[in-house]
2 protein chains.
Amino acid sequence: MHKEGLDYYISFNPVNIYYLTNFANKVHERPFILIIATEGIPKMLVPLLEKGHVETRSRCELEFISYYEFPAPEGQNWYDHYRNLIEDDVKVGIESAMPAGIAEKTPGKKIIIDIIDEVRIIKTEYEIGRTVHACRVVNKGHKKLLKICKPKMLEFALYQEVTNTMTTKIVTDIPNANFIMTNTAGAVWPPSFSHEPHIVPNIFAEMEEGGPHVSIVSAQVDGYGVEIERTFFLGYVPEKAKEPFEVMFGARALAYDFVKPGVIMSEIDKKVRKFITDRGYGDYIIHRTGHGLGITGHEAPYIAEGYDRKLKPNMVISIEPGIYIPGLGGFRHSDTVLITEDGYLKLTKAPEKLEDLIIE
Amino acid sequence: MHKEGLDYYISFNPVNIYYLTNFANKVHERPFILIIATEGIPKMLVPLLEKGHVETRSRCELEFISYYEFPAPEGQNWYDHYRNLIEDDVKVGIESAMPAGIAEKTPGKKIIIDIIDEVRIIKTEYEIGRTVHACRVVNKGHKKLLKICKPKMLEFALYQEVTNTMTTKIVTDIPNANFIMTNTAGAVWPPSFSHEPHIVPNIFAEMEEGGPHVSIVSAQVDGYGVEIERTFFLGYVPEKAKEPFEVMFGARALAYDFVKPGVIMSEIDKKVRKFITDRGYGDYIIHRTGHGLGITGHEAPYIAEGYDRKLKPNMVISIEPGIYIPGLGGFRHSDTVLITEDGYLKLTKAPEKLEDLIIE
């Protein structure tokens with residue numbers, strides 16, 4: 001804030017408010033706004049209805065200002081209070097995620113700046129501990145998935161067993177987990193649609209003979225999001241799937257060769273894309289090599305062309321180069337990876353090699 | 001758009017994009033932007049990774065423009081494409097929910113306007129049918145809840161049984177339900193914290209003897225959100241709970257007396273607040289009388305002071321005046337209600353009277 005000459009920084013993004021205060025909210029029509037001045041206790045504007053909730057969950061000193069309701073009688077709306085909390089002749093940082101309707105009612109000279117998102121990129125020791133635990137949860141879920149998955153099994157049945165396994169571990173380990181910040185997902189994309197990694201599977205979709213099947217097991221565990229994904233086969237590996245698997249596997253090994261502090265992230269993505277393209281699969285790349293994980297499961301930093309920043313210790317990222325061939329399927333392994341002082345530590349664990357990923 | 005002299009209307013809010021196209025997305029770092037001109041086929045800017053997903057799910061004519069990735073090499077980012085889709089000298093409507101970072105990169109002379117949110121207030125016949133079905137789902141969930149709830153039962157066990165009941169009905173009735181737009185919740189606030197309606201219960205919280213317990217059963221069923229809530233008692237009604245229950249019950253009856261087309265919504269809230277205040281419970285009101293439901297479970301219109309618009313046929317609202325007394329508990333019934341040509345139709349069903357809400 002000092003560097004940017006800001007008098008105030010306004011946080012509206014629920015992810016950042018959670019990071020700063022431990023209070024979680026879902027965005028709905030009633031605004032929660034955190035007002036941070038360069039000095040003094042931060043102020044939080046909250047609906048009267050939620051005051052008790054915020055006070056119970058928040059773990060830092062905050063001054064609360066509550067408003068009547070949304071909407072409210074004239075003079076008692078959230079924006080009536082908001083405009084009294086910030087002077088008109090000051091410089092105010094607002095987050096890029098702030099809705100235009102809130103930005104419009106923010107007093108002062110505004111600039112868009114994401115200070116908290118930036119701070120979140122490097123994890124604290126506490127956060128690393130929480131991430132390691134979250135990875136144990138998805139490791140357990142993924143192990144279960146590979147154990148029960150078989151041809152003709154329904155997506156829905158897989159989902160139920162895998163998420164139950166993870167949820168049971170979460171509530172056992174963290175009985176007071178905040179369920180606004182906890183969720184689990186476990187699914188498999190069978191070969192008939194594994195080339196579309198962001199489609200939402202029909203719950204009655206069936207597992208198939210052969211593959212490539214692609215698993216996605218992810219969880220946000222009381223605030224911390226991680227993932228593990230594998231390309232696997234049921235019974236046998238179709239001949240045509242062998243080469244793309246090996247290309248994906250090689251691209252992934254190449255990426256890991258460069259995962260260490262000081263390496264420019266876009267360079268990793270460029271090398272991975274070149275490796276895949278040189279082997280004739282360039283048309284089947286549809287996403288970057290990886291992304292950061294933290295409170296959300298998708299956030300900065302990005303292992304992507306155009307993201308020319310260096311890896312640093314205590315970043316947490318995914319490494320997941322993928323190849324997606326319509327009519328054949330998708331090929332992708334993903335792991336949650338901690339950047340250490342001199343390299344990396346893979347926090348998620350599951351079989352990696354082709355021969356270990358043929359489920360009988 | 002013609003009335004406001006707009007050349008373009010930009011929709012970014014995923015709820016509105018779903019309403020218009022049937023394609024559902026969760027907000028993450030990769031933007032999806034719907035660009036509607038006054039004439040011609042709307043354009044949708046999507047990440048390359050999601051193009052197949054959007055094409056599969058969308059149910060209207062759209063021209064797709066896909067971008068490389070987020071982030072991307074210079075000249076291939078989402079905003080590089082975005083700025084080519086809108087001229088500089090035009091008038092552009094942006095939604096109040098649009099993030100400041102997207103608004104900043106939107107060309108043209110911008111005004112904040114929520115045309116689609118406005119259209120969504122009056123439901124179509126199709127939407128009413130879907131809402132009626134969603135109410136059958138929560139009715140079934142709530143019936144289950146009242147059947148199994150007993151002292152010492154854990155929040156988590158209740159949640160599991162009630163949501164399983166609803167999920168099973170949903171997947172039976174709508175096998176191809178979109179699970180991005182489907183979720184269920186079933187919980188009870190026992191008397192030790194039912195005075196805090198927006199707190200998140202600990203999953204190991206126990207049901208208690210007596211009451212007031214307050215149930216919340218809600219669901220978004222393949223896109224349509226509804227709710228039913230009841231104040232109930234396990235075994236007996238504590239003497240001190242009788243009067244506030246009757247005051248809540250009377251306030252609710254008063255509200256329903258005015259629920260019909262032509263009545264100004266703020267007037268209903270004022271009458272309800274006066275009724276409760278006149279009986280000595282004014283300090284225990286912490287929220288409005290009701291809110292609209294539709295794709296989300298909380299949206300315009302609002303039965304609230306400061307919302308001076310008239311009820312109209314085919315609105316769907318909740319009626320849920322509440323009283324929250326620390327040390328005693330909360331008192332609130334909520335139903336999902338359709339405004340008809342000459343009154344209303346309560347779409348959710350569960351016992352309402354005190355004597356019918358004492359569970360043995």
# chains A, B, ... in the order shown; residues from 1 in each chain; ligands from 1
>>> closest_atom_pairs(of="chain A", to="chain B", cutoff="8 Å", atoms="only C-alpha atoms", output="JSON lines")
{"residue": "A:His28", "atom": "CA", "partner": "B:His298", "partner_atom": "CA", "distance": 7.2}
{"residue": "A:Glu29", "atom": "CA", "partner": "B:Glu299", "partner_atom": "CA", "distance": 6.9}
{"residue": "A:Leu48", "atom": "CA", "partner": "B:Ile286", "partner_atom": "CA", "distance": 6.2}
{"residue": "A:Leu49", "atom": "CA", "partner": "B:Ile286", "partner_atom": "CA", "distance": 5.2}
{"residue": "A:Glu50", "atom": "CA", "partner": "B:His198", "partner_atom": "CA", "distance": 5.9}
{"residue": "A:Gly52", "atom": "CA", "partner": "B:Glu196", "partner_atom": "CA", "distance": 6.6}
{"residue": "A:His53", "atom": "CA", "partner": "B:Ile199", "partner_atom": "CA", "distance": 4.7}
{"residue": "A:Tyr68", "atom": "CA", "partner": "B:Ile286", "partner_atom": "CA", "distance": 7.7}
{"residue": "A:Glu69", "atom": "CA", "partner": "B:His287", "partner_atom": "CA", "distance": 6.1}
{"residue": "A:Phe70", "atom": "CA", "partner": "B:Ala304", "partner_atom": "CA", "distance": 7.6}
{"residue": "A:Pro71", "atom": "CA", "partner": "B:Gly306", "partner_atom": "CA", "distance": 5.8}
{"residue": "A:Ala72", "atom": "CA", "partner": "B:Gly306", "partner_atom": "CA", "distance": 4.7}
{"residue": "A:Pro73", "atom": "CA", "partner": "B:Gly306", "partner_atom": "CA", "distance": 4.2}
{"residue": "A:Glu74", "atom": "CA", "partner": "B:Gly306", "partner_atom": "CA", "distance": 6.4}
{"residue": "A:Glu95", "atom": "CA", "partner": "B:Ala100", "partner_atom": "CA", "distance": 7.3}
{"residue": "A:Ser96", "atom": "CA", "partner": "B:Gly101", "partner_atom": "CA", "distance": 4.1}
{"residue": "A:Ala97", "atom": "CA", "partner": "B:Pro99", "partner_atom": "CA", "distance": 4.6}
{"residue": "A:Met98", "atom": "CA", "partner": "B:Pro99", "partner_atom": "CA", "distance": 5.1}
{"residue": "A:Pro99", "atom": "CA", "partner": "B:Pro99", "partner_atom": "CA", "distance": 4.3}
{"residue": "A:Ala100", "atom": "CA", "partner": "B:Ser96", "partner_atom": "CA", "distance": 5.0}
{"residue": "A:Gly101", "atom": "CA", "partner": "B:Ser96", "partner_atom": "CA", "distance": 4.1}
{"residue": "A:Ile102", "atom": "CA", "partner": "B:Ser96", "partner_atom": "CA", "distance": 7.6}
{"residue": "A:Ala103", "atom": "CA", "partner": "B:Ala100", "partner_atom": "CA", "distance": 6.9}
{"residue": "A:Ile112", "atom": "CA", "partner": "B:Gly101", "partner_atom": "CA", "distance": 7.1}
{"residue": "A:Pro175", "atom": "CA", "partner": "B:Phe204", "partner_atom": "CA", "distance": 7.2}
{"residue": "A:Asn176", "atom": "CA", "partner": "B:Asn202", "partner_atom": "CA", "distance": 6.0}
{"residue": "A:Ala177", "atom": "CA", "partner": "B:Asn202", "partner_atom": "CA", "distance": 7.6}
{"residue": "A:Asn178", "atom": "CA", "partner": "B:Val200", "partner_atom": "CA", "distance": 7.5}
{"residue": "A:Phe179", "atom": "CA", "partner": "B:Val200", "partner_atom": "CA", "distance": 7.5}
{"residue": "A:Ile180", "atom": "CA", "partner": "B:Val200", "partner_atom": "CA", "distance": 7.7}
{"residue": "A:Glu196", "atom": "CA", "partner": "B:Gly52", "partner_atom": "CA", "distance": 6.7}
{"residue": "A:Pro197", "atom": "CA", "partner": "B:Leu49", "partner_atom": "CA", "distance": 7.6}
{"residue": "A:His198", "atom": "CA", "partner": "B:Glu50", "partner_atom": "CA", "distance": 5.9}
{"residue": "A:Ile199", "atom": "CA", "partner": "B:His53", "partner_atom": "CA", "distance": 4.7}
{"residue": "A:Val200", "atom": "CA", "partner": "B:Phe179", "partner_atom": "CA", "distance": 7.5}
{"residue": "A:Asn202", "atom": "CA", "partner": "B:Asn176", "partner_atom": "CA", "distance": 6.0}
{"residue": "A:Ile203", "atom": "CA", "partner": "B:Asn176", "partner_atom": "CA", "distance": 7.2}
{"residue": "A:Phe204", "atom": "CA", "partner": "B:Pro175", "partner_atom": "CA", "distance": 7.2}
{"residue": "A:Ile286", "atom": "CA", "partner": "B:Leu49", "partner_atom": "CA", "distance": 5.2}
{"residue": "A:His287", "atom": "CA", "partner": "B:Leu49", "partner_atom": "CA", "distance": 6.0}
{"residue": "A:Arg288", "atom": "CA", "partner": "B:Glu69", "partner_atom": "CA", "distance": 6.8}
{"residue": "A:His298", "atom": "CA", "partner": "B:His28", "partner_atom": "CA", "distance": 7.2}
{"residue": "A:Glu299", "atom": "CA", "partner": "B:Glu29", "partner_atom": "CA", "distance": 6.9}
{"residue": "A:Tyr302", "atom": "CA", "partner": "B:Pro71", "partner_atom": "CA", "distance": 7.4}
{"residue": "A:Ala304", "atom": "CA", "partner": "B:Pro71", "partner_atom": "CA", "distance": 6.3}
{"residue": "A:Glu305", "atom": "CA", "partner": "B:Pro73", "partner_atom": "CA", "distance": 5.3}
{"residue": "A:Gly306", "atom": "CA", "partner": "B:Pro73", "partner_atom": "CA", "distance": 4.3}
{"residue": "A:Tyr307", "atom": "CA", "partner": "B:Pro71", "partner_atom": "CA", "distance": 6.4}
>>> closest_atom_pairs(of="stretch 54-165 of chain A", to="stretch 326-336 of chain A", cutoff="12 Å", atoms="only C-alpha atoms", output="CSV")
residue,atom,partner,partner_atom,distance
A:Ile128,CA,A:Thr336,CA,11.5
A:Thr131,CA,A:Thr336,CA,9.0
A:Val132,CA,A:Thr336,CA,9.3
A:His133,CA,A:Thr336,CA,11.8
A:Ala134,CA,A:Thr336,CA,10.0
A:Cys135,CA,A:Thr336,CA,7.5
A:Arg136,CA,A:Thr336,CA,10.9
A:Val138,CA,A:Thr336,CA,10.1
A:Asn139,CA,A:Asp335,CA,10.1
A:His142,CA,A:Asp335,CA,11.5
>>> residues_around(residues="B:Met44", least_positions_apart="5", cutoff="8 Å", atoms="only C-alpha atoms", output="JSON, numbers by chain")
{"B": [32, 33, 34, 35, 62, 63, 64, 65]}
>>> atom_distance(atom1="atom CA of B:Gly250", atom2="atom CA of B:Lys144")
26.6 Å
>>> select_by_dssp(residues="stretch 63-253 of chain B", states="strand (DSSP E or B)", output="mmCIF file with C-alpha atoms, in the first residue's frame")
data_model
loop_
_atom_site.group_PDB
_atom_site.id
_atom_site.type_symbol
_atom_site.label_atom_id
_atom_site.label_comp_id
_atom_site.auth_asym_id
_atom_site.auth_seq_id
_atom_site.Cartn_x
_atom_site.Cartn_y
_atom_site.Cartn_z
ATOM 1 C CA GLU B 63 -20.793 -17.489 -32.552
ATOM 2 C CA PHE B 64 -17.763 -18.741 -30.621
ATOM 3 C CA ILE B 65 -14.447 -16.944 -30.377
ATOM 4 C CA SER B 66 -11.893 -18.954 -28.436
ATOM 5 C CA TYR B 67 -8.680 -17.671 -26.927
ATOM 6 C CA LYS B 91 -22.477 2.539 -25.931
ATOM 7 C CA VAL B 92 -22.032 -0.670 -23.947
ATOM 8 C CA GLY B 93 -24.137 -1.989 -21.080
ATOM 9 C CA ILE B 94 -22.189 -3.968 -18.481
ATOM 10 C CA PRO B 99 -15.517 -7.743 -12.164
ATOM 11 C CA LYS B 109 -18.710 4.098 -23.344
ATOM 12 C CA LYS B 110 -19.855 1.906 -20.482
ATOM 13 C CA ILE B 111 -22.937 2.098 -18.316
ATOM 14 C CA ILE B 112 -23.841 -0.367 -15.572
ATOM 15 C CA LEU B 154 -25.663 -35.251 14.583
ATOM 16 C CA ASN B 183 -26.973 -28.866 -5.292
ATOM 17 C CA THR B 184 -28.900 -29.784 -2.200
ATOM 18 C CA ALA B 185 -28.687 -28.759 1.430
ATOM 19 C CA GLY B 186 -30.511 -30.002 4.487
ATOM 20 C CA ALA B 187 -29.687 -28.876 7.987
ATOM 21 C CA VAL B 188 -31.209 -27.983 11.320
ATOM 22 C CA TRP B 189 -30.201 -25.157 13.620
ATOM 23 C CA GLU B 206 -26.286 -32.270 18.127
ATOM 24 C CA GLY B 210 -37.273 -29.080 22.987
ATOM 25 C CA GLY B 211 -36.589 -26.172 20.680
ATOM 26 C CA PRO B 212 -36.918 -23.960 18.719
ATOM 27 C CA HIS B 213 -35.063 -25.959 16.078
ATOM 28 C CA VAL B 214 -35.070 -24.320 12.643
ATOM 29 C CA SER B 215 -34.736 -26.464 9.524
ATOM 30 C CA ILE B 216 -33.302 -25.278 6.218
ATOM 31 C CA VAL B 217 -33.929 -27.518 3.241
ATOM 32 C CA SER B 218 -32.943 -25.995 -0.079
ATOM 33 C CA ALA B 219 -32.023 -27.226 -3.503
ATOM 34 C CA GLN B 220 -30.977 -26.001 -6.884
ATOM 35 C CA VAL B 221 -32.445 -28.644 -9.174
ATOM 36 C CA TYR B 224 -33.778 -23.854 -10.323
ATOM 37 C CA GLY B 225 -33.417 -22.922 -6.658
ATOM 38 C CA VAL B 226 -36.102 -23.216 -3.958
ATOM 39 C CA GLU B 227 -36.308 -23.537 -0.174
ATOM 40 C CA ILE B 228 -38.491 -24.674 2.696
ATOM 41 C CA GLU B 229 -37.812 -23.958 6.369
ATOM 42 C CA THR B 231 -39.465 -23.929 13.268
ATOM 43 C CA PHE B 232 -40.061 -27.182 15.130
ATOM 44 C CA PHE B 233 -39.669 -28.831 18.521
ATOM 45 C CA LEU B 234 -38.419 -32.205 19.703
#
>>> atom_distance(atom1="atom CA of A:Val27", atom2="atom CA of B:Ile295")
14.6 Å
>>> select_by_dssp(residues="stretch 91-320 of chain B", states="helix (DSSP H, G or I)", output="PyMOL selection string")
chain B and resi 100-104+115-120+125-148+155-173+179-181+239-257+265-278+282-284
>>> residues_around(residues="A:Arg120", least_positions_apart="4", cutoff="9 Å", atoms="only C-alpha atoms", output="number ranges by chain")
A: 16, 19, 115-116, 124, 294-295, 300
>>> decode(residues="stretch 104-140 of chain A", atoms="N, CA and C atoms", output="PDB file, in the first residue's frame")
ATOM      1  N   GLU A 104     -18.357   1.099  -8.448  1.00  0.00           N
ATOM      2  CA  GLU A 104     -19.019   2.378  -8.754  1.00  0.00           C
ATOM      3  C   GLU A 104     -19.342   3.156  -7.476  1.00  0.00           C
ATOM      4  N   LYS A 105     -19.656   2.445  -6.396  1.00  0.00           N
ATOM      5  CA  LYS A 105     -20.047   3.128  -5.162  1.00  0.00           C
ATOM      6  C   LYS A 105     -18.870   3.317  -4.199  1.00  0.00           C
ATOM      7  N   THR A 106     -17.675   2.968  -4.643  1.00  0.00           N
ATOM      8  CA  THR A 106     -16.489   3.141  -3.804  1.00  0.00           C
ATOM      9  C   THR A 106     -15.971   4.571  -3.941  1.00  0.00           C
ATOM     10  N   PRO A 107     -15.871   5.305  -2.826  1.00  0.00           N
ATOM     11  CA  PRO A 107     -15.385   6.695  -2.916  1.00  0.00           C
ATOM     12  C   PRO A 107     -13.886   6.744  -3.241  1.00  0.00           C
ATOM     13  N   GLY A 108     -13.394   7.945  -3.528  1.00  0.00           N
ATOM     14  CA  GLY A 108     -11.959   8.155  -3.724  1.00  0.00           C
ATOM     15  C   GLY A 108     -11.525   7.948  -5.160  1.00  0.00           C
ATOM     16  N   LYS A 109     -10.204   8.108  -5.362  1.00  0.00           N
ATOM     17  CA  LYS A 109      -9.602   7.891  -6.677  1.00  0.00           C
ATOM     18  C   LYS A 109      -9.190   6.425  -6.709  1.00  0.00           C
ATOM     19  N   LYS A 110      -9.821   5.655  -7.575  1.00  0.00           N
ATOM     20  CA  LYS A 110      -9.634   4.208  -7.535  1.00  0.00           C
ATOM     21  C   LYS A 110      -8.587   3.700  -8.517  1.00  0.00           C
ATOM     22  N   ILE A 111      -7.794   2.750  -8.087  1.00  0.00           N
ATOM     23  CA  ILE A 111      -6.979   1.991  -9.035  1.00  0.00           C
ATOM     24  C   ILE A 111      -7.217   0.501  -8.771  1.00  0.00           C
ATOM     25  N   ILE A 112      -7.132  -0.278  -9.825  1.00  0.00           N
ATOM     26  CA  ILE A 112      -7.313  -1.727  -9.679  1.00  0.00           C
ATOM     27  C   ILE A 112      -5.962  -2.348  -9.346  1.00  0.00           C
ATOM     28  N   ILE A 113      -5.907  -3.065  -8.242  1.00  0.00           N
ATOM     29  CA  ILE A 113      -4.646  -3.673  -7.802  1.00  0.00           C
ATOM     30  C   ILE A 113      -4.968  -4.894  -6.945  1.00  0.00           C
ATOM     31  N   ASP A 114      -4.180  -5.966  -7.126  1.00  0.00           N
ATOM     32  CA  ASP A 114      -4.479  -7.206  -6.404  1.00  0.00           C
ATOM     33  C   ASP A 114      -3.346  -7.552  -5.445  1.00  0.00           C
ATOM     34  N   ILE A 115      -3.260  -6.795  -4.374  1.00  0.00           N
ATOM     35  CA  ILE A 115      -2.162  -6.994  -3.426  1.00  0.00           C
ATOM     36  C   ILE A 115      -2.275  -8.355  -2.733  1.00  0.00           C
ATOM     37  N   ILE A 116      -3.461  -8.718  -2.317  1.00  0.00           N
ATOM     38  CA  ILE A 116      -3.625  -9.965  -1.535  1.00  0.00           C
ATOM     39  C   ILE A 116      -3.405 -11.181  -2.435  1.00  0.00           C
ATOM     40  N   ASP A 117      -3.922 -11.123  -3.665  1.00  0.00           N
ATOM     41  CA  ASP A 117      -3.676 -12.226  -4.609  1.00  0.00           C
ATOM     42  C   ASP A 117      -2.181 -12.447  -4.789  1.00  0.00           C
ATOM     43  N   GLU A 118      -1.435 -11.347  -4.784  1.00  0.00           N
ATOM     44  CA  GLU A 118       0.011 -11.423  -4.940  1.00  0.00           C
ATOM     45  C   GLU A 118       0.650 -12.083  -3.707  1.00  0.00           C
ATOM     46  N   VAL A 119       0.218 -11.654  -2.535  1.00  0.00           N
ATOM     47  CA  VAL A 119       0.758 -12.220  -1.292  1.00  0.00           C
ATOM     48  C   VAL A 119       0.476 -13.714  -1.221  1.00  0.00           C
ATOM     49  N   ARG A 120      -0.685 -14.121  -1.709  1.00  0.00           N
ATOM     50  CA  ARG A 120      -1.115 -15.527  -1.623  1.00  0.00           C
ATOM     51  C   ARG A 120      -0.244 -16.469  -2.449  1.00  0.00           C
ATOM     52  N   ILE A 121       0.508 -15.935  -3.402  1.00  0.00           N
ATOM     53  CA  ILE A 121       1.302 -16.800  -4.292  1.00  0.00           C
ATOM     54  C   ILE A 121       2.376 -17.578  -3.528  1.00  0.00           C
ATOM     55  N   ILE A 122       2.984 -16.929  -2.543  1.00  0.00           N
ATOM     56  CA  ILE A 122       3.994 -17.616  -1.725  1.00  0.00           C
ATOM     57  C   ILE A 122       3.315 -18.084  -0.437  1.00  0.00           C
ATOM     58  N   LYS A 123       3.369 -19.397  -0.192  1.00  0.00           N
ATOM     59  CA  LYS A 123       2.656 -19.959   0.951  1.00  0.00           C
ATOM     60  C   LYS A 123       3.467 -19.843   2.234  1.00  0.00           C
ATOM     61  N   THR A 124       2.765 -19.623   3.339  1.00  0.00           N
ATOM     62  CA  THR A 124       3.397 -19.634   4.662  1.00  0.00           C
ATOM     63  C   THR A 124       3.598 -21.084   5.100  1.00  0.00           C
ATOM     64  N   GLU A 125       4.352 -21.261   6.178  1.00  0.00           N
ATOM     65  CA  GLU A 125       4.554 -22.608   6.724  1.00  0.00           C
ATOM     66  C   GLU A 125       3.215 -23.240   7.091  1.00  0.00           C
ATOM     67  N   TYR A 126       2.344 -22.434   7.693  1.00  0.00           N
ATOM     68  CA  TYR A 126       1.020 -22.928   8.066  1.00  0.00           C
ATOM     69  C   TYR A 126       0.279 -23.444   6.832  1.00  0.00           C
ATOM     70  N   GLU A 127       0.303 -22.659   5.775  1.00  0.00           N
ATOM     71  CA  GLU A 127      -0.413 -23.054   4.563  1.00  0.00           C
ATOM     72  C   GLU A 127       0.183 -24.311   3.929  1.00  0.00           C
ATOM     73  N   ILE A 128       1.504 -24.429   4.011  1.00  0.00           N
ATOM     74  CA  ILE A 128       2.133 -25.628   3.443  1.00  0.00           C
ATOM     75  C   ILE A 128       1.690 -26.861   4.222  1.00  0.00           C
ATOM     76  N   GLY A 129       1.626 -26.722   5.537  1.00  0.00           N
ATOM     77  CA  GLY A 129       1.148 -27.827   6.362  1.00  0.00           C
ATOM     78  C   GLY A 129      -0.269 -28.231   5.983  1.00  0.00           C
ATOM     79  N   ARG A 130      -1.122 -27.228   5.791  1.00  0.00           N
ATOM     80  CA  ARG A 130      -2.512 -27.502   5.433  1.00  0.00           C
ATOM     81  C   ARG A 130      -2.599 -28.144   4.038  1.00  0.00           C
ATOM     82  N   THR A 131      -1.713 -27.715   3.146  1.00  0.00           N
ATOM     83  CA  THR A 131      -1.717 -28.261   1.789  1.00  0.00           C
ATOM     84  C   THR A 131      -1.252 -29.712   1.788  1.00  0.00           C
ATOM     85  N   VAL A 132      -0.225 -29.993   2.604  1.00  0.00           N
ATOM     86  CA  VAL A 132       0.257 -31.380   2.723  1.00  0.00           C
ATOM     87  C   VAL A 132      -0.887 -32.271   3.213  1.00  0.00           C
ATOM     88  N   HIS A 133      -1.634 -31.788   4.195  1.00  0.00           N
ATOM     89  CA  HIS A 133      -2.763 -32.577   4.699  1.00  0.00           C
ATOM     90  C   HIS A 133      -3.829 -32.771   3.614  1.00  0.00           C
ATOM     91  N   ALA A 134      -4.144 -31.705   2.911  1.00  0.00           N
ATOM     92  CA  ALA A 134      -5.157 -31.796   1.844  1.00  0.00           C
ATOM     93  C   ALA A 134      -4.725 -32.818   0.794  1.00  0.00           C
ATOM     94  N   CYS A 135      -3.421 -32.885   0.522  1.00  0.00           N
ATOM     95  CA  CYS A 135      -2.926 -33.859  -0.456  1.00  0.00           C
ATOM     96  C   CYS A 135      -3.111 -35.287   0.051  1.00  0.00           C
ATOM     97  N   ARG A 136      -2.974 -35.475   1.357  1.00  0.00           N
ATOM     98  CA  ARG A 136      -3.225 -36.821   1.901  1.00  0.00           C
ATOM     99  C   ARG A 136      -4.679 -37.214   1.672  1.00  0.00           C
ATOM    100  N   VAL A 137      -5.560 -36.233   1.759  1.00  0.00           N
ATOM    101  CA  VAL A 137      -6.986 -36.511   1.528  1.00  0.00           C
ATOM    102  C   VAL A 137      -7.211 -36.960   0.078  1.00  0.00           C
ATOM    103  N   VAL A 138      -6.665 -36.226  -0.886  1.00  0.00           N
ATOM    104  CA  VAL A 138      -6.910 -36.619  -2.288  1.00  0.00           C
ATOM    105  C   VAL A 138      -6.140 -37.893  -2.651  1.00  0.00           C
ATOM    106  N   ASN A 139      -4.972 -38.098  -2.030  1.00  0.00           N
ATOM    107  CA  ASN A 139      -4.248 -39.359  -2.281  1.00  0.00           C
ATOM    108  C   ASN A 139      -5.124 -40.552  -1.890  1.00  0.00           C
ATOM    109  N   LYS A 140      -5.786 -40.417  -0.752  1.00  0.00           N
ATOM    110  CA  LYS A 140      -6.645 -41.496  -0.263  1.00  0.00           C
ATOM    111  C   LYS A 140      -7.843 -41.679  -1.204  1.00  0.00           C
TER     112      LYS A 140
END
